[in-house]
There are 4 protein chains.
Amino acid sequence: MSRKLDILETARRLFNESNTQAVTTNHIAKAMGISPGNLHYHYKNREEIILLLYRDMRAKMSLSIDALPKTFQALEAHQKVLIGIQWEYRFFFREMLFLFSRDAELQREYIEDNIAHRSRIKLVLESFVESEELNIDNEILLEYIVDAILMAWQFYTSYMQTLGRPLSRKSAEEAVQYASNTMKPYKVKQEKV
Amino acid sequence: MSRKLDILETARRLFNESNTQAVTTNHIAKAMGISPGNLHYHYKNREEIILLLYRDMRAKMSLSIDALPKTFQALEAHQKVLIGIQWEYRFFFREMLFLFSRDAELQREYIEDNIAHRSRIKLVLESFVESEELNIDNEILLEYIVDAILMAWQFYTSYMQTLGRPLSRKSAEEAVQYASNTMKPYKVKQEKV
Amino acid sequence: MSRKLDILETARRLFNESNTQAVTTNHIAKAMGISPGNLHYHYKNREEIILLLYRDMRAKMSLSIDALPKTFQALEAHQKVLIGIQWEYRFFFREMLFLFSRDAELQREYIEDNIAHRSRIKLVLESFVESEELNIDNEILLEYIVDAILMAWQFYTSYMQTLGRPLSRKSAEEAVQYASNTMKPYKVKQEKV
Amino acid sequence: MSRKLDILETARRLFNESNTQAVTTNHIAKAMGISPGNLHYHYKNREEIILLLYRDMRAKMSLSIDALPKTFQALEAHQKVLIGIQWEYRFFFREMLFLFSRDAELQREYIEDNIAHRSRIKLVLESFVESEELNIDNEILLEYIVDAILMAWQFYTSYMQTLGRPLSRKSAEEAVQYASNTMKPYKVKQEKV
DNA sequence: CATGAATGAGTATTCATTCAT
DNA sequence: TATGAATGAATACTCATTCAT
């Protein structure tokens, strides 16, 4: 791996281990055995590193999407892939709003992406309604389910932590089950919970 | 108001306006027109101020509870009261996990309180099941609804911000409607969404 | 002397000895035996120190002016007083244009003051013309003499240095003689050069 | 133009645009699209670049001199040529004394050259006295006029800036008129001011 | 000639906290 | 209670210069 990418990787790992404020650029450099000057040769500052890490995550997530999932199984499979990527960048979801208050550009991009994400979720649900797999006749109700799924996607891991539950990629994946439960009362052919 | 309480009030206000890292103890002192030394006479450090603000919030929330709500209306009324208090301390919910990584004691207390909060929510739902207002025959499903309500309680405001929606106490109260929607499919006498 | 004033004095002395870029705020602190943090408690940064030193100099110069000098002797006496003050802040005249490129506010204030200074010089010369001590019938010529005097006031010391001449307060005072020579051909009662 | 000369040209341009401290060797390299290593292959450091730029300017000025000017017109024509060269290296005159404090060799050479320059000016004036175009019977007065001309040559542009006047090659040339005004009272055949 | 990553000392600045008064 | 000067370690960042390729 190139030095430039290695810095991002090290930063990501350290951010996940503690938090972005505790991990200074000098810490990152020290952890890699390079000089602080070298790190700043590659990246202007920590803000830039965080923004680039976010864009990396977004790129990975985008690449994981071929087409909108057509079945519940495809949906769940896709959610698991996204959660796997999210897990690699979990520092971001843990500090999201704090990071926004430090970098308006990051906030702008994230919100833009998140609104697009919400639209895709809605499209998927609408396709399920059309194919009569979901029985939702009410726009407001549909919006609610979309919000429930997106909120869980973004905050389920945080929520687990507010209950002191041990954190792992495995437990993060429970968000898939959570989303499934949200849709359950509206599924035409009921699956078991 | 006493000087000691005034410091907490000023800190709370400034924290809400920006974020806890940006607001230094010297900023708080300056905003009040007192000396930094005086602030530290009253409180050891910023960590202590944040911890005490959390305890204040918790105390206010506890005081707002007489008994567990027996009706949906009582539940919603109670939720609105809690959201009003939460709004006053919104910096806390915005930075929660970040603050935990800086103060283990705060984390410990919050998790303890949050687990208790979860139990109360569950008790309320169980009483609704018993009184046949809710039709939930499945423990896992019940747990899901509890999680949905508690997650919304903690993260609905954050969620709104990740979509770039304007923030206000009013919009924070939409979390009540959200919780209601979660329970809706299981309500015996359906209300309109 | 108070610590706050002492910092300005030390900075002024060190600036005179080398140059403003070589003298860092940490150097000033070290020279005083105080911590770098303490210096920054009193002054935001070096730019502020330089600006305040300039304002101090200006204030001292303003105080030295009662009324416009009415005789050549009074004029020369006044010039000597100003040169004495200038000598204390000689770093400023040595780096003037460089300092302007680093601090637009300093530049603005200096230019404003300098234009006012030029007006006063012109008024003095006009009063000499009116009292028939100077024989200048030509506005352009008058402007030239004003410029010659003001240029010498600002750059005579620098000029001496470009010839490698030893620098001292004494030699700086030769600027008075220089100004006198400029006016000499127009003096009605000639003095000896 | 060779790479080596191109570096000097770029440095000169950038120095004129801001100031020598603000223009790092990396800036120069970036502006040329070459690597910092390459720049340092050609020149040891920024000091060397500045010194060589000074020597270039001096060489150009020397080349512009055939013989000492014999008439006022020839003198003015020559002054304009010199000011044109000076204008190309105006950063140098703007920061002169500051640069001396950073590079003793530069200072030594400049002073040596400047003393020689002063001698030439004096010779020209003496030739005018001999040919009875100037009426100066006094050595001290002659020295004064020499100083006035040389000071204007070096600092007229700086002086203009201390009055906030817009800077241009055109306005720099006013120094010629200034020098002419200095000699005017002593000219045997008066010209118009 | 040329690259460009790398160094590392330097520079300015911040801020929670202490402490004499 | 209160002041506010003082500390000093920490932090982010810069930049002339080196050097392996």
# chains A, B, ... in the order shown; residues from 1 in each chain; ligands from 1

call {"tool": "interface_residues", "arguments": {"of": "chain D", "to": "chain F", "cutoff": "8 Å", "atoms": "only C-alpha atoms (C1' of nucleotides)", "output": "PyMOL selection string"}}
result
chain D and resi 24-26+40+45

call {"tool": "calpha_fit_rmsd", "arguments": {"fixed": "chain A", "moving": "chain B"}}
result
0.2 Å

call {"tool": "interface_residues", "arguments": {"of": "chain B", "to": "chain E", "cutoff": "12 Å", "atoms": "only C-alpha atoms (C1' of nucleotides)", "output": "list in words"}}
result
Gln21, Ala22, Val23, Thr24, Thr25, Asn26, His27, Pro36, Gly37, Asn38, Leu39, His40, Tyr41, Tyr43, Lys44, Asn45, Arg46 and Glu47 of chain B

call {"tool": "closest_residue", "arguments": {"among": "C:Leu106, C:Leu167, C:Leu97, C:Ile136", "to": "chain D", "atoms": "only C-alpha atoms"}}
result
C:Leu97

call {"tool": "atom_distance", "arguments": {"atom1": "CA of Ala179 in chain B", "atom2": "CA of Thr20 in chain B"}}
result
29.4 Å

call {"tool": "closest_atom_pairs", "arguments": {"of": "chain A", "to": "chain B", "cutoff": "10 Å", "atoms": "only C-alpha atoms", "output": "JSON lines"}}
result
{"residue": "A:Ser18", "atom": "CA", "partner": "B:Ser101", "partner_atom": "CA", "distance": 7.0}
{"residue": "A:Asn19", "atom": "CA", "partner": "B:Phe98", "partner_atom": "CA", "distance": 7.1}
{"residue": "A:Thr20", "atom": "CA", "partner": "B:Phe98", "partner_atom": "CA", "distance": 9.1}
{"residue": "A:Gln21", "atom": "CA", "partner": "B:Gln21", "partner_atom": "CA", "distance": 8.9}
{"residue": "A:Ala22", "atom": "CA", "partner": "B:Arg102", "partner_atom": "CA", "distance": 9.0}
{"residue": "A:Phe91", "atom": "CA", "partner": "B:Phe98", "partner_atom": "CA", "distance": 9.5}
{"residue": "A:Phe93", "atom": "CA", "partner": "B:Leu97", "partner_atom": "CA", "distance": 9.7}
{"residue": "A:Arg94", "atom": "CA", "partner": "B:Leu97", "partner_atom": "CA", "distance": 6.1}
{"residue": "A:Glu95", "atom": "CA", "partner": "B:Phe98", "partner_atom": "CA", "distance": 6.1}
{"residue": "A:Met96", "atom": "CA", "partner": "B:Thr162", "partner_atom": "CA", "distance": 8.5}
{"residue": "A:Leu97", "atom": "CA", "partner": "B:Arg94", "partner_atom": "CA", "distance": 6.2}
{"residue": "A:Phe98", "atom": "CA", "partner": "B:Glu95", "partner_atom": "CA", "distance": 6.1}
{"residue": "A:Leu99", "atom": "CA", "partner": "B:Glu95", "partner_atom": "CA", "distance": 9.7}
{"residue": "A:Phe100", "atom": "CA", "partner": "B:Thr162", "partner_atom": "CA", "distance": 9.4}
{"residue": "A:Ser101", "atom": "CA", "partner": "B:Ser18", "partner_atom": "CA", "distance": 7.3}
{"residue": "A:Arg102", "atom": "CA", "partner": "B:Asn19", "partner_atom": "CA", "distance": 9.1}
{"residue": "A:Gln107", "atom": "CA", "partner": "B:Thr162", "partner_atom": "CA", "distance": 8.1}
{"residue": "A:Arg108", "atom": "CA", "partner": "B:Gly164", "partner_atom": "CA", "distance": 8.3}
{"residue": "A:Tyr110", "atom": "CA", "partner": "B:Thr162", "partner_atom": "CA", "distance": 7.4}
{"residue": "A:Ile111", "atom": "CA", "partner": "B:Leu163", "partner_atom": "CA", "distance": 5.3}
{"residue": "A:Glu112", "atom": "CA", "partner": "B:Leu163", "partner_atom": "CA", "distance": 7.7}
{"residue": "A:Asp113", "atom": "CA", "partner": "B:Leu163", "partner_atom": "CA", "distance": 9.0}
{"residue": "A:Asn114", "atom": "CA", "partner": "B:Leu163", "partner_atom": "CA", "distance": 6.3}
{"residue": "A:Ile115", "atom": "CA", "partner": "B:Leu163", "partner_atom": "CA", "distance": 5.9}
{"residue": "A:Ala116", "atom": "CA", "partner": "B:Leu163", "partner_atom": "CA", "distance": 9.6}
{"residue": "A:Arg118", "atom": "CA", "partner": "B:Leu163", "partner_atom": "CA", "distance": 8.8}
{"residue": "A:Asn138", "atom": "CA", "partner": "B:Val193", "partner_atom": "CA", "distance": 8.8}
{"residue": "A:Ile140", "atom": "CA", "partner": "B:Val193", "partner_atom": "CA", "distance": 7.4}
{"residue": "A:Leu141", "atom": "CA", "partner": "B:Val193", "partner_atom": "CA", "distance": 7.2}
{"residue": "A:Tyr144", "atom": "CA", "partner": "B:Tyr178", "partner_atom": "CA", "distance": 7.0}
{"residue": "A:Ile145", "atom": "CA", "partner": "B:Thr182", "partner_atom": "CA", "distance": 8.8}
{"residue": "A:Asp147", "atom": "CA", "partner": "B:Tyr159", "partner_atom": "CA", "distance": 8.6}
{"residue": "A:Ala148", "atom": "CA", "partner": "B:Ala148", "partner_atom": "CA", "distance": 8.1}
{"residue": "A:Leu150", "atom": "CA", "partner": "B:Tyr159", "partner_atom": "CA", "distance": 8.4}
{"residue": "A:Met151", "atom": "CA", "partner": "B:Tyr159", "partner_atom": "CA", "distance": 6.1}
{"residue": "A:Ala152", "atom": "CA", "partner": "B:Met151", "partner_atom": "CA", "distance": 8.2}
{"residue": "A:Gln154", "atom": "CA", "partner": "B:Tyr159", "partner_atom": "CA", "distance": 7.9}
{"residue": "A:Phe155", "atom": "CA", "partner": "B:Phe155", "partner_atom": "CA", "distance": 7.1}
{"residue": "A:Tyr156", "atom": "CA", "partner": "B:Met151", "partner_atom": "CA", "distance": 7.6}
{"residue": "A:Ser158", "atom": "CA", "partner": "B:Leu97", "partner_atom": "CA", "distance": 7.3}
{"residue": "A:Tyr159", "atom": "CA", "partner": "B:Met151", "partner_atom": "CA", "distance": 6.1}
{"residue": "A:Met160", "atom": "CA", "partner": "B:Met151", "partner_atom": "CA", "distance": 9.1}
{"residue": "A:Gln161", "atom": "CA", "partner": "B:Leu97", "partner_atom": "CA", "distance": 7.9}
{"residue": "A:Thr162", "atom": "CA", "partner": "B:Ile111", "partner_atom": "CA", "distance": 5.5}
{"residue": "A:Leu163", "atom": "CA", "partner": "B:Ile111", "partner_atom": "CA", "distance": 5.2}
{"residue": "A:Gly164", "atom": "CA", "partner": "B:Ile111", "partner_atom": "CA", "distance": 5.8}
{"residue": "A:Arg165", "atom": "CA", "partner": "B:Ile111", "partner_atom": "CA", "distance": 9.4}
{"residue": "A:Gln177", "atom": "CA", "partner": "B:Tyr144", "partner_atom": "CA", "distance": 9.3}
{"residue": "A:Tyr178", "atom": "CA", "partner": "B:Tyr144", "partner_atom": "CA", "distance": 7.0}
{"residue": "A:Ala179", "atom": "CA", "partner": "B:Tyr144", "partner_atom": "CA", "distance": 9.8}
{"residue": "A:Asn181", "atom": "CA", "partner": "B:Tyr144", "partner_atom": "CA", "distance": 7.1}
{"residue": "A:Thr182", "atom": "CA", "partner": "B:Thr182", "partner_atom": "CA", "distance": 7.6}
{"residue": "A:Lys184", "atom": "CA", "partner": "B:Pro185", "partner_atom": "CA", "distance": 9.7}
{"residue": "A:Pro185", "atom": "CA", "partner": "B:Pro185", "partner_atom": "CA", "distance": 6.5}
{"residue": "A:Tyr186", "atom": "CA", "partner": "B:Pro185", "partner_atom": "CA", "distance": 8.5}
{"residue": "A:Val193", "atom": "CA", "partner": "B:Leu141", "partner_atom": "CA", "distance": 7.2}

call {"tool": "residues_around", "arguments": {"residues": "Asp137 in chain A", "least_positions_apart": "6", "cutoff": "12 Å", "atoms": "only C-alpha atoms (C1' of nucleotides)", "output": "list in words"}}
result
Leu125, Glu126, Phe128, Val129, Glu130, Glu143 and Tyr186 of chain A; Val193 of chain B

call {"tool": "write_last_selection", "arguments": {"atoms": "N, CA, C and O atoms", "output": "PDB file, in the first residue's frame"}}
result
ATOM      1  N   LEU A 125     -39.062   0.489  -1.337  1.00  0.00           N
ATOM      2  CA  LEU A 125     -40.324   0.187  -0.670  1.00  0.00           C
ATOM      3  C   LEU A 125     -41.490   0.321  -1.650  1.00  0.00           C
ATOM      4  O   LEU A 125     -42.410  -0.523  -1.680  1.00  0.00           O
ATOM      5  N   GLU A 126     -41.462   1.354  -2.452  1.00  0.00           N
ATOM      6  CA  GLU A 126     -42.539   1.558  -3.422  1.00  0.00           C
ATOM      7  C   GLU A 126     -42.615   0.387  -4.410  1.00  0.00           C
ATOM      8  O   GLU A 126     -43.701  -0.034  -4.813  1.00  0.00           O
ATOM      9  N   PHE A 128     -41.834  -2.629  -3.711  1.00  0.00           N
ATOM     10  CA  PHE A 128     -42.451  -3.729  -2.961  1.00  0.00           C
ATOM     11  C   PHE A 128     -43.956  -3.540  -2.852  1.00  0.00           C
ATOM     12  O   PHE A 128     -44.715  -4.509  -2.877  1.00  0.00           O
ATOM     13  N   VAL A 129     -44.359  -2.303  -2.720  1.00  0.00           N
ATOM     14  CA  VAL A 129     -45.802  -2.033  -2.664  1.00  0.00           C
ATOM     15  C   VAL A 129     -46.437  -2.401  -4.008  1.00  0.00           C
ATOM     16  O   VAL A 129     -47.470  -3.078  -4.070  1.00  0.00           O
ATOM     17  N   GLU A 130     -45.775  -1.985  -5.074  1.00  0.00           N
ATOM     18  CA  GLU A 130     -46.299  -2.237  -6.409  1.00  0.00           C
ATOM     19  C   GLU A 130     -46.398  -3.731  -6.689  1.00  0.00           C
ATOM     20  O   GLU A 130     -47.386  -4.202  -7.294  1.00  0.00           O
ATOM     21  N   GLU A 143     -43.563   6.986   4.498  1.00  0.00           N
ATOM     22  CA  GLU A 143     -42.480   7.882   4.933  1.00  0.00           C
ATOM     23  C   GLU A 143     -41.939   7.441   6.303  1.00  0.00           C
ATOM     24  O   GLU A 143     -40.730   7.461   6.539  1.00  0.00           O
ATOM     25  N   TYR A 186     -46.463  -5.136   7.599  1.00  0.00           N
ATOM     26  CA  TYR A 186     -46.997  -4.762   6.295  1.00  0.00           C
ATOM     27  C   TYR A 186     -46.662  -5.775   5.221  1.00  0.00           C
ATOM     28  O   TYR A 186     -47.041  -5.613   4.081  1.00  0.00           O
TER      29      TYR A 186
ATOM     30  N   VAL B 193     -53.271   7.793  11.408  1.00  0.00           N
ATOM     31  CA  VAL B 193     -51.835   8.120  11.403  1.00  0.00           C
ATOM     32  C   VAL B 193     -51.690   9.619  11.297  1.00  0.00           C
ATOM     33  O   VAL B 193     -51.272  10.333  12.048  1.00  0.00           O
TER      34      VAL B 193
END

call {"tool": "select_by_dssp", "arguments": {"residues": "range 53-134 of chain C", "states": "alpha helix (DSSP H)", "output": "number ranges by chain"}}
result
C: 53-63, 72-88, 90-102, 104-130

call {"tool": "residues_around", "arguments": {"residues": "Trp87 in chain C", "least_positions_apart": "4", "cutoff": "8 Å", "atoms": "only C-alpha atoms (C1' of nucleotides)", "output": "MDAnalysis selection string"}}
result
chainID C and resid 83 169 172

call {"tool": "atom_distance", "arguments": {"atom1": "CA of Glu133 in chain A", "atom2": "CA of Val188 in chain A"}}
result
5.3 Å

call {"tool": "decode", "arguments": {"residues": "range 130-158 of chain C", "atoms": "N, CA, C and O atoms", "output": "CSV table (one decimal), in the first residue's frame"}}
result
chain,number,residue,atom,x,y,z
C,130,GLU,N,4.6,82.8,4.3
C,130,GLU,CA,3.8,84.0,4.6
C,130,GLU,C,4.5,85.0,5.4
C,130,GLU,O,4.4,86.2,5.2
C,131,SER,N,5.4,84.6,6.3
C,131,SER,CA,6.2,85.5,7.2
C,131,SER,C,7.4,85.9,6.4
C,131,SER,O,8.3,86.5,7.0
C,132,GLU,N,7.5,85.6,5.2
C,132,GLU,CA,8.6,86.0,4.3
C,132,GLU,C,10.0,85.5,4.8
C,132,GLU,O,11.0,86.1,4.6
C,133,GLU,N,10.0,84.3,5.5
C,133,GLU,CA,11.2,83.7,5.8
C,133,GLU,C,11.7,82.8,4.7
C,133,GLU,O,12.9,82.5,4.6
C,134,LEU,N,10.7,82.3,4.0
C,134,LEU,CA,11.0,81.4,2.8
C,134,LEU,C,10.5,82.1,1.6
C,134,LEU,O,9.4,82.7,1.6
C,135,ASN,N,11.2,82.0,0.5
C,135,ASN,CA,10.8,82.6,-0.7
C,135,ASN,C,10.5,81.5,-1.7
C,135,ASN,O,11.3,81.1,-2.5
C,136,ILE,N,9.2,81.0,-1.6
C,136,ILE,CA,8.8,80.0,-2.5
C,136,ILE,C,7.5,80.5,-3.2
C,136,ILE,O,6.5,80.6,-2.5
C,137,ASP,N,7.5,80.7,-4.5
C,137,ASP,CA,6.4,81.3,-5.1
C,137,ASP,C,5.6,80.2,-6.0
C,137,ASP,O,4.7,80.5,-6.7
C,138,ASN,N,6.0,79.0,-5.8
C,138,ASN,CA,5.6,78.0,-6.7
C,138,ASN,C,5.1,76.8,-6.0
C,138,ASN,O,5.8,76.1,-5.2
C,139,GLU,N,3.8,76.4,-6.2
C,139,GLU,CA,3.2,75.3,-5.5
C,139,GLU,C,3.9,74.0,-5.7
C,139,GLU,O,4.2,73.3,-4.7
C,140,ILE,N,4.3,73.7,-6.9
C,140,ILE,CA,5.0,72.5,-7.2
C,140,ILE,C,6.3,72.4,-6.5
C,140,ILE,O,6.7,71.4,-5.9
C,141,LEU,N,7.0,73.5,-6.4
C,141,LEU,CA,8.3,73.6,-5.7
C,141,LEU,C,8.0,73.3,-4.2
C,141,LEU,O,8.8,72.6,-3.5
C,142,LEU,N,7.0,73.9,-3.7
C,142,LEU,CA,6.6,73.7,-2.3
C,142,LEU,C,6.4,72.3,-2.0
C,142,LEU,O,6.9,71.7,-1.0
C,143,GLU,N,5.6,71.7,-2.9
C,143,GLU,CA,5.3,70.2,-2.7
C,143,GLU,C,6.6,69.4,-2.7
C,143,GLU,O,6.8,68.5,-1.9
C,144,TYR,N,7.6,69.8,-3.6
C,144,TYR,CA,8.8,69.1,-3.6
C,144,TYR,C,9.6,69.2,-2.3
C,144,TYR,O,10.1,68.2,-1.7
C,145,ILE,N,9.6,70.4,-1.7
C,145,ILE,CA,10.3,70.5,-0.4
C,145,ILE,C,9.7,69.7,0.7
C,145,ILE,O,10.3,69.1,1.5
C,146,VAL,N,8.3,69.7,0.7
C,146,VAL,CA,7.6,68.9,1.7
C,146,VAL,C,8.0,67.5,1.5
C,146,VAL,O,8.3,66.8,2.5
C,147,ASP,N,8.0,67.0,0.3
C,147,ASP,CA,8.4,65.6,0.1
C,147,ASP,C,9.8,65.3,0.5
C,147,ASP,O,10.1,64.3,1.1
C,148,ALA,N,10.7,66.2,0.2
C,148,ALA,CA,12.1,66.0,0.6
C,148,ALA,C,12.3,65.9,2.1
C,148,ALA,O,13.0,65.0,2.6
C,149,ILE,N,11.6,66.8,2.8
C,149,ILE,CA,11.7,66.7,4.3
C,149,ILE,C,11.0,65.4,4.8
C,149,ILE,O,11.6,64.8,5.7
C,150,LEU,N,9.9,65.1,4.3
C,150,LEU,CA,9.2,63.9,4.8
C,150,LEU,C,10.0,62.6,4.4
C,150,LEU,O,10.1,61.7,5.2
C,151,MET,N,10.5,62.6,3.2
C,151,MET,CA,11.3,61.4,2.8
C,151,MET,C,12.5,61.2,3.7
C,151,MET,O,12.8,60.2,4.2
C,152,ALA,N,13.2,62.4,4.0
C,152,ALA,CA,14.4,62.3,4.8
C,152,ALA,C,14.0,61.9,6.2
C,152,ALA,O,14.6,61.0,6.9
C,153,TRP,N,12.9,62.4,6.7
C,153,TRP,CA,12.4,62.0,8.1
C,153,TRP,C,12.2,60.5,8.2
C,153,TRP,O,12.6,59.8,9.1
C,154,GLN,N,11.7,59.9,7.1
C,154,GLN,CA,11.4,58.5,7.2
C,154,GLN,C,12.6,57.6,6.8
C,154,GLN,O,12.7,56.5,7.3
C,155,PHE,N,13.4,58.1,5.9
C,155,PHE,CA,14.4,57.2,5.3
C,155,PHE,C,15.8,57.6,5.4
C,155,PHE,O,16.7,56.9,4.9
C,156,TYR,N,16.1,58.7,6.1
C,156,TYR,CA,17.5,59.1,6.2
C,156,TYR,C,18.4,58.0,6.9
C,156,TYR,O,19.5,57.7,6.5
C,157,THR,N,17.8,57.5,8.0
C,157,THR,CA,18.6,56.5,8.7
C,157,THR,C,18.8,55.2,7.8
C,157,THR,O,19.9,54.7,7.8
C,158,SER,N,17.8,54.8,7.1
C,158,SER,CA,18.0,53.7,6.2
C,158,SER,C,19.0,54.0,5.1
C,158,SER,O,19.9,53.2,4.8
